[in-house]
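> Quick one: structure below, then a few questions.
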Amino acid sequence: MTKARLFTPGPTPVPEETLLELAKPVTYHRTAEQKETLKEVLEELKYVFQTQNDVIVLTASGTGGMEAAVVNTLSAGDKAILLTAGRWGERWRGILKAYQANLVVVEMPYGKAVPPAALEQALKEHPDTVAVFSTLSETSTGVVHDIQAYGKIVASTPSLLIVDSISGLGACECRTDAWGIDINVTGSQKALMMPPGLAYVAVSPKAWRVIEGKPNRRAFYFDLKRYQAKLAENDTPYTPANTLIKAQKLSLKRIRQEGIENLWSRHALMGAMARAGVQAMGLQLFSETPNNGLTVITVPEGIDGNAILSKLEKKHGYKLANGQDNLKGKIWRLSHMGYCDPFDLIGALSALEYVLLEAGYPCSAGASVAAAQKVLSTKLV
Ligand SMILES: *Cc1c(COP(=O)(O)O)cnc(C)c1O
């Protein structure tokens with residue numbers, strides 16, 4: 001018998017009460033109840049974003065929110081600084097190219113973070129930059145970026161700071177207003193404990209001014225002004241994924257009950273446990289600046305990375321993520337964000353260690369679990 005356990009960095013497990021909400025009959029969307037629900041969800045999202053800014057709900061996966069950030073702020077030929085150190089930075093590049101941005105790229109090898117000094121230098125050389133595009137948690141490598149430092153650099157310039165926090169928000173500390181993030185994009189299916197389908201975009205007054213200065217922007221479904229105009233009535237311009245919004249309300253309630261600081265420290269604890277557990281197996285972390293939402297592990301010499309993942313899933317029900325593109329077979333990505341607790345994580349470390357032992361990898365049985373448990377136990381004193 002195998003029991004399915006999801007440890008991929010999106011989608012992630014969904015709490016029972018949220019799943020039950022999703023099982024309810026579909027309702028009409030232009031009602032007072034739906035408006036009330038959207039109002040409450042927007043309140044709770046502002047709490048998770050740590051913002052007083054407008055939050056827009058889009059029926060789209062995370063990439064839709066990213067595309068919205070690009071099409072509303074840039075005209076063809078506008079200058080944009082792209083900070084990229086992984087596949088999700090490359091997603092920004094793809095969108096920016098599609099909309100013919102004049103790109104200045106600051107690039108780091110996979111596994112490293114883009115240093116704030118590199119952004120400072122690029123902005124100095126390109127003071128006509130309209131927006132800087134960055135990634136909080138680079139899910140392809142497990143890196144966390146110093147968004148707070150980027151914010152300090154960008155705040156004193158006319159440029160906007162635009163952040164993909166799709167796998168970061170709700171796992172890594174992120175303070176939209178205090179850190180000066182002008183557009184913050186996230187999605188429902190990572191740390192917000194929901195299935196895929198909704199993108200959330202927080203827009204600052206500075207960003208609205210830039211958007212309003214682009215009356216000829218080429219956007220329709222993703223025209224953020226259309227959504228903003230409906231916000232006053234807690235409504236959306238097009239049919240929203242109303243069943244998902246109702247379900248999101250329940251998962252957000254969990255975050256409110258836990259409290260955002262506690263939520264960050266739970267993820268910090270699990271991040272520390274995962275890193276200790278992985279290193280106790282003699283494995284290397286892929287990221288130089290690992291984040292707390294997921295841990296990315298370098299596949300050791302002589303081990304077939306794909307075979308290990310397949311065995312973990314087929315024999316033991318543990319679904320971890322492979323590397324993407326040319327990192328396939330070279331790294332394992334273990335998520336511990338959202339609806340995941342320290343003991344879930346210990347189970348995953350135990351399973352990984354078990355499968356590695358079976359493959360003849362020299363580690364000592366239980367060492368990983370002990371190391372993780374030790375980190376957890378520091379919470380007791
Ligand atoms: C998952 C993820 C996305 C994803 O977008 P989808 O369109 O929802 O597949 C974008 N950026 C990051 C950092 C992610 O982790």
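Residues in the structure tokens are numbered from 1 in each chain, the chains being A, B, ... in the order shown, and ligands are numbered from 1 in the order shown.
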Any idea what's packed within 10 Å of region 276-283 of chain A, counting only C-alpha atoms, ignoring anything in its chain fewer than 4 positions away? Could you give it as JSON, numbers by chain?

{"A": [270, 271, 272, 295, 296, 297, 298, 299, 300, 345, 346, 349, 350, 352, 353, 356, 357, 361, 362, 363, 364, 365, 366, 367, 368, 369, 370, 371, 372, 373, 374, 375]}

> Can you tell me which residues surround region 321-332 of chain A at a distance of at most 12 Å, considering only C-alpha atoms, apart from same-chain residues fewer than 3 positions away, and format the answer as a PyMOL selection string?

chain A and resi 6-12+86-88+90+110-111+139-142+278+283-287+294-310+312-313+318+335-336+349+352

> At a cut-off of 8 Å, using only C-alpha atoms, what residues contact Leu192 (chain A)? Leave out same-chain residues fewer than 3 positions from it and give the result as a list in words.

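In the requested format, the answer is Leu169, Gly170, Gly187, Ser188, Gln189, Gln248, Ser251, Leu252 and Gly338 of chain A.
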
> How would the residues just chosen look if you wrote them out with N, CA, C and O atoms as a tab-separated table (two decimals), in the first residue's frame?


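Wrote selection_24.tsv, looks like this:
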chain	number	residue	atom	x	y	z
A	169	LEU	N	5.63	33.96	-1.21
A	169	LEU	CA	4.70	34.62	-0.29
A	169	LEU	C	3.97	33.60	0.58
A	169	LEU	O	3.37	32.66	0.07
A	170	GLY	N	4.02	33.82	1.88
A	170	GLY	CA	3.40	32.88	2.81
A	170	GLY	C	4.38	31.82	3.28
A	170	GLY	O	4.03	30.95	4.07
A	187	GLY	N	0.59	33.44	-6.48
A	187	GLY	CA	-0.40	32.51	-7.02
A	187	GLY	C	-1.00	31.67	-5.91
A	187	GLY	O	-0.45	31.60	-4.80
A	188	SER	N	-2.11	31.01	-6.19
A	188	SER	CA	-2.84	30.30	-5.13
A	188	SER	C	-2.20	28.98	-4.73
A	188	SER	O	-2.39	28.51	-3.62
A	189	GLN	N	-1.42	28.36	-5.63
A	189	GLN	CA	-1.08	26.93	-5.44
A	189	GLN	C	0.25	26.65	-4.77
A	189	GLN	O	0.73	25.53	-4.82
A	248	GLN	N	-10.37	29.72	-1.16
A	248	GLN	CA	-9.18	30.45	-0.70
A	248	GLN	C	-9.44	31.13	0.64
A	248	GLN	O	-8.54	31.24	1.48
A	251	SER	N	-8.45	28.75	3.42
A	251	SER	CA	-7.01	28.58	3.63
A	251	SER	C	-6.39	29.85	4.21
A	251	SER	O	-5.49	29.78	5.05
A	252	LEU	N	-6.90	31.01	3.78
A	252	LEU	CA	-6.37	32.27	4.32
A	252	LEU	C	-6.72	32.43	5.80
A	252	LEU	O	-5.97	33.04	6.57
A	338	GLY	N	3.42	25.89	3.05
A	338	GLY	CA	1.96	25.80	3.11
A	338	GLY	C	1.48	24.81	4.16
A	338	GLY	O	1.90	24.87	5.32

> As a quick test: using only C-alpha atoms and all ligand atoms, which residues lie no more than 6 Å away from ligand 1? Give them as a PyMOL selection string.

chain A and resi 10+61-63+88+137-139+164+166-167

> Go ahead and dump the residues you just picked, C-alpha atoms, as an mmCIF file, in the first residue's frame.


data_model
loop_
_atom_site.group_PDB
_atom_site.id
_atom_site.type_symbol
_atom_site.label_atom_id
_atom_site.label_comp_id
_atom_site.auth_asym_id
_atom_site.auth_seq_id
_atom_site.Cartn_x
_atom_site.Cartn_y
_atom_site.Cartn_z
ATOM 1 C CA GLY A 10 3.557 23.757 -6.374
ATOM 2 C CA SER A 61 -2.060 30.722 -12.997
ATOM 3 C CA GLY A 62 0.851 32.710 -11.579
ATOM 4 C CA THR A 63 2.240 33.487 -15.004
ATOM 5 C CA TRP A 88 11.559 31.747 -13.013
ATOM 6 C CA SER A 137 11.907 32.541 -4.071
ATOM 7 C CA GLU A 138 13.598 31.117 -7.182
ATOM 8 C CA THR A 139 11.784 27.785 -7.074
ATOM 9 C CA ASP A 164 7.417 37.350 -8.508
ATOM 10 C CA ILE A 166 4.652 33.089 -6.367
ATOM 11 C CA SER A 167 6.378 30.406 -4.323
#

> Please identify which residues in region 28-212 of chain A DSSP calls helix (DSSP H, G or I) from the backbone, and express them as a PyMOL selection string.

chain A and resi 32-49+62-73+87-98+116-125+147-155+205-212

> Pull the strand (DSSP E) assignments for region 112-223 of chain A out of DSSP run on the backbone, and list those residues as a list in words.

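So the strand (DSSP E) residues in region 112-223 of chain A would be Ala131, Val132, Phe133, Ser134, Thr135, Ser137, Glu138, Val143, Val144, Leu160, Leu161, Ile162, Val163, Asp164, Ile183, Asn184, Val185, Thr186, Gly187, Leu198, Ala199, Tyr200, Val201, Ala202 and Val203 of chain A.
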
> Name the residues in contact with Leu19 (chain A) at a cut-off of 9 Å, using only C-alpha atoms, excluding same-chain residues fewer than 4 positions from it; report them as a list in words.

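Final neighbour list, sorted by chain and number: Val14, Pro15, Ala23, Met194 and Ala247 of chain A.
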
> Which of these residues is nearest to Leu161 (chain A), using only C-alpha atoms: A:Leu119, A:Thr186, A:Thr239, A:Val143?

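Looking at the shortest contact to Leu161 (chain A), the residue is A:Leu119.
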
> As a PyMOL selection string, please: the residues near Arg30 (chain A) (cut-off 12 Å, only C-alpha atoms, same-chain neighbours under 4 positions excluded).

chain A and resi 34-38+233-242

> Please produce a file of the residues just selected, as a PDB file, in the first residue's frame, where the atoms kept are N, CA, C and O atoms.


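See selection_26.pdb below for the written result:
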ATOM      1  N   GLN A  34     -21.189  36.755  -2.846  1.00  0.00           N
ATOM      2  CA  GLN A  34     -19.888  36.624  -3.518  1.00  0.00           C
ATOM      3  C   GLN A  34     -19.054  37.884  -3.283  1.00  0.00           C
ATOM      4  O   GLN A  34     -17.845  37.821  -3.068  1.00  0.00           O
ATOM      5  N   LYS A  35     -19.725  39.043  -3.308  1.00  0.00           N
ATOM      6  CA  LYS A  35     -18.990  40.299  -3.066  1.00  0.00           C
ATOM      7  C   LYS A  35     -18.419  40.319  -1.651  1.00  0.00           C
ATOM      8  O   LYS A  35     -17.294  40.767  -1.427  1.00  0.00           O
ATOM      9  N   GLU A  36     -19.214  39.827  -0.716  1.00  0.00           N
ATOM     10  CA  GLU A  36     -18.759  39.772   0.666  1.00  0.00           C
ATOM     11  C   GLU A  36     -17.539  38.840   0.775  1.00  0.00           C
ATOM     12  O   GLU A  36     -16.565  39.158   1.457  1.00  0.00           O
ATOM     13  N   THR A  37     -17.624  37.721   0.083  1.00  0.00           N
ATOM     14  CA  THR A  37     -16.503  36.764   0.111  1.00  0.00           C
ATOM     15  C   THR A  37     -15.251  37.398  -0.483  1.00  0.00           C
ATOM     16  O   THR A  37     -14.159  37.313   0.097  1.00  0.00           O
ATOM     17  N   LEU A  38     -15.416  38.060  -1.624  1.00  0.00           N
ATOM     18  CA  LEU A  38     -14.242  38.676  -2.260  1.00  0.00           C
ATOM     19  C   LEU A  38     -13.645  39.735  -1.336  1.00  0.00           C
ATOM     20  O   LEU A  38     -12.418  39.830  -1.177  1.00  0.00           O
ATOM     21  N   GLU A 233     -16.616  48.046  -5.591  1.00  0.00           N
ATOM     22  CA  GLU A 233     -17.853  47.264  -5.319  1.00  0.00           C
ATOM     23  C   GLU A 233     -17.518  45.815  -4.969  1.00  0.00           C
ATOM     24  O   GLU A 233     -18.401  44.955  -5.010  1.00  0.00           O
ATOM     25  N   ASN A 234     -16.261  45.528  -4.673  1.00  0.00           N
ATOM     26  CA  ASN A 234     -15.839  44.152  -4.374  1.00  0.00           C
ATOM     27  C   ASN A 234     -16.271  43.194  -5.475  1.00  0.00           C
ATOM     28  O   ASN A 234     -16.826  42.116  -5.226  1.00  0.00           O
ATOM     29  N   ASP A 235     -16.027  43.614  -6.685  1.00  0.00           N
ATOM     30  CA  ASP A 235     -16.448  42.817  -7.829  1.00  0.00           C
ATOM     31  C   ASP A 235     -15.285  42.694  -8.812  1.00  0.00           C
ATOM     32  O   ASP A 235     -14.223  43.313  -8.625  1.00  0.00           O
ATOM     33  N   THR A 236     -15.491  41.896  -9.844  1.00  0.00           N
ATOM     34  CA  THR A 236     -14.465  41.675 -10.867  1.00  0.00           C
ATOM     35  C   THR A 236     -15.082  41.963 -12.234  1.00  0.00           C
ATOM     36  O   THR A 236     -16.293  41.775 -12.415  1.00  0.00           O
ATOM     37  N   PRO A 237     -14.280  42.402 -13.204  1.00  0.00           N
ATOM     38  CA  PRO A 237     -14.864  42.739 -14.506  1.00  0.00           C
ATOM     39  C   PRO A 237     -15.361  41.514 -15.279  1.00  0.00           C
ATOM     40  O   PRO A 237     -16.286  41.634 -16.077  1.00  0.00           O
ATOM     41  N   TYR A 238     -14.753  40.361 -15.055  1.00  0.00           N
ATOM     42  CA  TYR A 238     -15.145  39.146 -15.790  1.00  0.00           C
ATOM     43  C   TYR A 238     -15.512  38.077 -14.776  1.00  0.00           C
ATOM     44  O   TYR A 238     -15.238  38.229 -13.590  1.00  0.00           O
ATOM     45  N   THR A 239     -16.080  36.974 -15.250  1.00  0.00           N
ATOM     46  CA  THR A 239     -16.476  35.901 -14.333  1.00  0.00           C
ATOM     47  C   THR A 239     -15.246  35.426 -13.551  1.00  0.00           C
ATOM     48  O   THR A 239     -14.280  34.931 -14.149  1.00  0.00           O
ATOM     49  N   PRO A 240     -15.280  35.578 -12.240  1.00  0.00           N
ATOM     50  CA  PRO A 240     -14.135  35.103 -11.457  1.00  0.00           C
ATOM     51  C   PRO A 240     -14.267  33.594 -11.206  1.00  0.00           C
ATOM     52  O   PRO A 240     -15.367  33.045 -11.349  1.00  0.00           O
ATOM     53  N   ALA A 241     -13.188  32.943 -10.824  1.00  0.00           N
ATOM     54  CA  ALA A 241     -13.266  31.537 -10.393  1.00  0.00           C
ATOM     55  C   ALA A 241     -13.867  31.569  -8.992  1.00  0.00           C
ATOM     56  O   ALA A 241     -13.168  31.433  -7.990  1.00  0.00           O
ATOM     57  N   ASN A 242     -15.180  31.803  -8.935  1.00  0.00           N
ATOM     58  CA  ASN A 242     -15.808  32.083  -7.631  1.00  0.00           C
ATOM     59  C   ASN A 242     -15.700  30.927  -6.648  1.00  0.00           C
ATOM     60  O   ASN A 242     -15.559  31.134  -5.449  1.00  0.00           O
TER      61      ASN A 242
END

> Show me a table, sorted first by chain and then by increasing residue number, of the residues of region 56-143 of chain A having an atom at most 6 Å from region 209-227 of chain A, each with its shortest atom pair and the distance in Å to one decimal, counting only C-alpha atoms and written as a Markdown table.


| residue | atom | partner | partner_atom | distance |
| --- | --- | --- | --- | --- |
| A:Ala68 | CA | A:Phe222 | CA | 5.1 |
| A:Asn72 | CA | A:Ile211 | CA | 5.6 |
| A:Thr73 | CA | A:Ile211 | CA | 5.2 |

> Kindly indicate which residue among A:Leu123, A:Leu42, A:Met273, A:Leu136 lies nearest to Ser159 (chain A), using only C-alpha atoms for the distances.

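Counting only C-alpha atoms, the residue closest to Ser159 (chain A) is A:Leu123.
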
> Write out as a list of chain:residue names which residues come within 7 Å of Ile81 (chain A) when counting only C-alpha atoms, dropping same-chain ones fewer than 5 positions away.

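These residues fall inside the cut-off: A:Leu103, A:Val104, A:Val105, A:Thr129, A:Ala131, A:Val132, A:Phe133.
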
> May I have the residues from that selection written out with N, CA, C and O atoms, as an mmCIF file, in the first residue's frame?


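This went into again.cif:
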data_model
loop_
_atom_site.group_PDB
_atom_site.id
_atom_site.type_symbol
_atom_site.label_atom_id
_atom_site.label_comp_id
_atom_site.auth_asym_id
_atom_site.auth_seq_id
_atom_site.Cartn_x
_atom_site.Cartn_y
_atom_site.Cartn_z
ATOM 1 N N LEU A 103 15.654 45.264 -22.796
ATOM 2 C CA LEU A 103 16.102 44.529 -21.604
ATOM 3 C C LEU A 103 17.546 44.790 -21.203
ATOM 4 O O LEU A 103 18.448 44.722 -22.038
ATOM 5 N N VAL A 104 17.732 45.046 -19.921
ATOM 6 C CA VAL A 104 19.065 45.069 -19.316
ATOM 7 C C VAL A 104 19.075 43.874 -18.372
ATOM 8 O O VAL A 104 18.286 43.830 -17.419
ATOM 9 N N VAL A 105 19.922 42.891 -18.633
ATOM 10 C CA VAL A 105 19.859 41.650 -17.856
ATOM 11 C C VAL A 105 21.020 41.560 -16.875
ATOM 12 O O VAL A 105 22.179 41.724 -17.250
ATOM 13 N N THR A 129 15.312 53.394 -16.511
ATOM 14 C CA THR A 129 14.613 52.108 -16.342
ATOM 15 C C THR A 129 13.196 52.329 -15.819
ATOM 16 O O THR A 129 13.003 53.026 -14.824
ATOM 17 N N ALA A 131 11.081 49.671 -14.994
ATOM 18 C CA ALA A 131 10.796 48.699 -13.927
ATOM 19 C C ALA A 131 11.910 47.672 -13.810
ATOM 20 O O ALA A 131 12.582 47.339 -14.782
ATOM 21 N N VAL A 132 12.063 47.191 -12.564
ATOM 22 C CA VAL A 132 13.026 46.130 -12.246
ATOM 23 C C VAL A 132 12.223 44.865 -11.943
ATOM 24 O O VAL A 132 11.282 44.915 -11.142
ATOM 25 N N PHE A 133 12.583 43.760 -12.568
ATOM 26 C CA PHE A 133 11.849 42.512 -12.387
ATOM 27 C C PHE A 133 12.699 41.518 -11.612
ATOM 28 O O PHE A 133 13.854 41.259 -11.973
#

> Which residue out of A:Glu125, A:Glu261, A:Asp146, A:Asp54 has the minimum interatomic distance to Pro205 (chain A) when only C-alpha atoms are used?

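Of all the options, A:Asp54 lies closest to Pro205 (chain A).
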
> One decimal, in Å: what's the spacing between CA of Gly94 (chain A) and CA of Leu74 (chain A)?

14.2 Å

> Skip Arg5 (chain A) itself and residues of its chain fewer than 4 positions away, then list as a compact mmCIF listing (two decimals) with N, CA, C and O atoms, in the first residue's frame all residues within 10 Å of it, counting only C-alpha atoms.


# COMPACT_ATOMS: atom_id res chain seq x y z
N THR A 12 0.76 22.27 -3.94
CA THR A 12 1.08 21.80 -2.59
C THR A 12 -0.20 21.24 -1.95
O THR A 12 -1.29 21.46 -2.50
N PRO A 13 -0.07 20.56 -0.81
CA PRO A 13 -1.27 20.00 -0.18
C PRO A 13 -2.29 21.09 0.22
O PRO A 13 -1.91 22.22 0.51
N GLU A 313 8.16 7.88 -5.15
CA GLU A 313 6.75 8.06 -5.46
C GLU A 313 6.01 6.73 -5.58
O GLU A 313 4.98 6.52 -4.95
N HIS A 316 6.64 4.51 -2.12
CA HIS A 316 6.37 5.10 -0.81
C HIS A 316 5.40 6.27 -0.84
O HIS A 316 5.07 6.82 0.20
N GLY A 317 4.96 6.67 -2.02
CA GLY A 317 3.94 7.71 -2.14
C GLY A 317 4.46 9.13 -2.00
O GLY A 317 3.69 10.08 -2.07
N TYR A 318 5.78 9.30 -1.79
CA TYR A 318 6.33 10.65 -1.62
C TYR A 318 6.65 11.27 -2.97
O TYR A 318 7.52 10.79 -3.69
N LYS A 319 5.93 12.34 -3.29
CA LYS A 319 6.16 13.01 -4.58
C LYS A 319 7.00 14.26 -4.36
O LYS A 319 6.53 15.27 -3.82
N LEU A 320 8.28 14.18 -4.73
CA LEU A 320 9.16 15.35 -4.72
C LEU A 320 9.31 15.82 -6.16
O LEU A 320 8.92 15.11 -7.09
N ASP A 344 5.51 16.14 9.04
CA ASP A 344 5.39 15.75 7.62
C ASP A 344 6.78 15.73 7.00
O ASP A 344 7.15 14.83 6.25
N GLY A 347 8.98 12.84 7.89
CA GLY A 347 8.58 11.67 7.11
C GLY A 347 9.26 11.67 5.74
O GLY A 347 9.77 10.64 5.28
N ALA A 348 9.28 12.82 5.10
CA ALA A 348 9.87 12.91 3.76
C ALA A 348 11.38 12.67 3.82
O ALA A 348 11.94 11.97 2.96
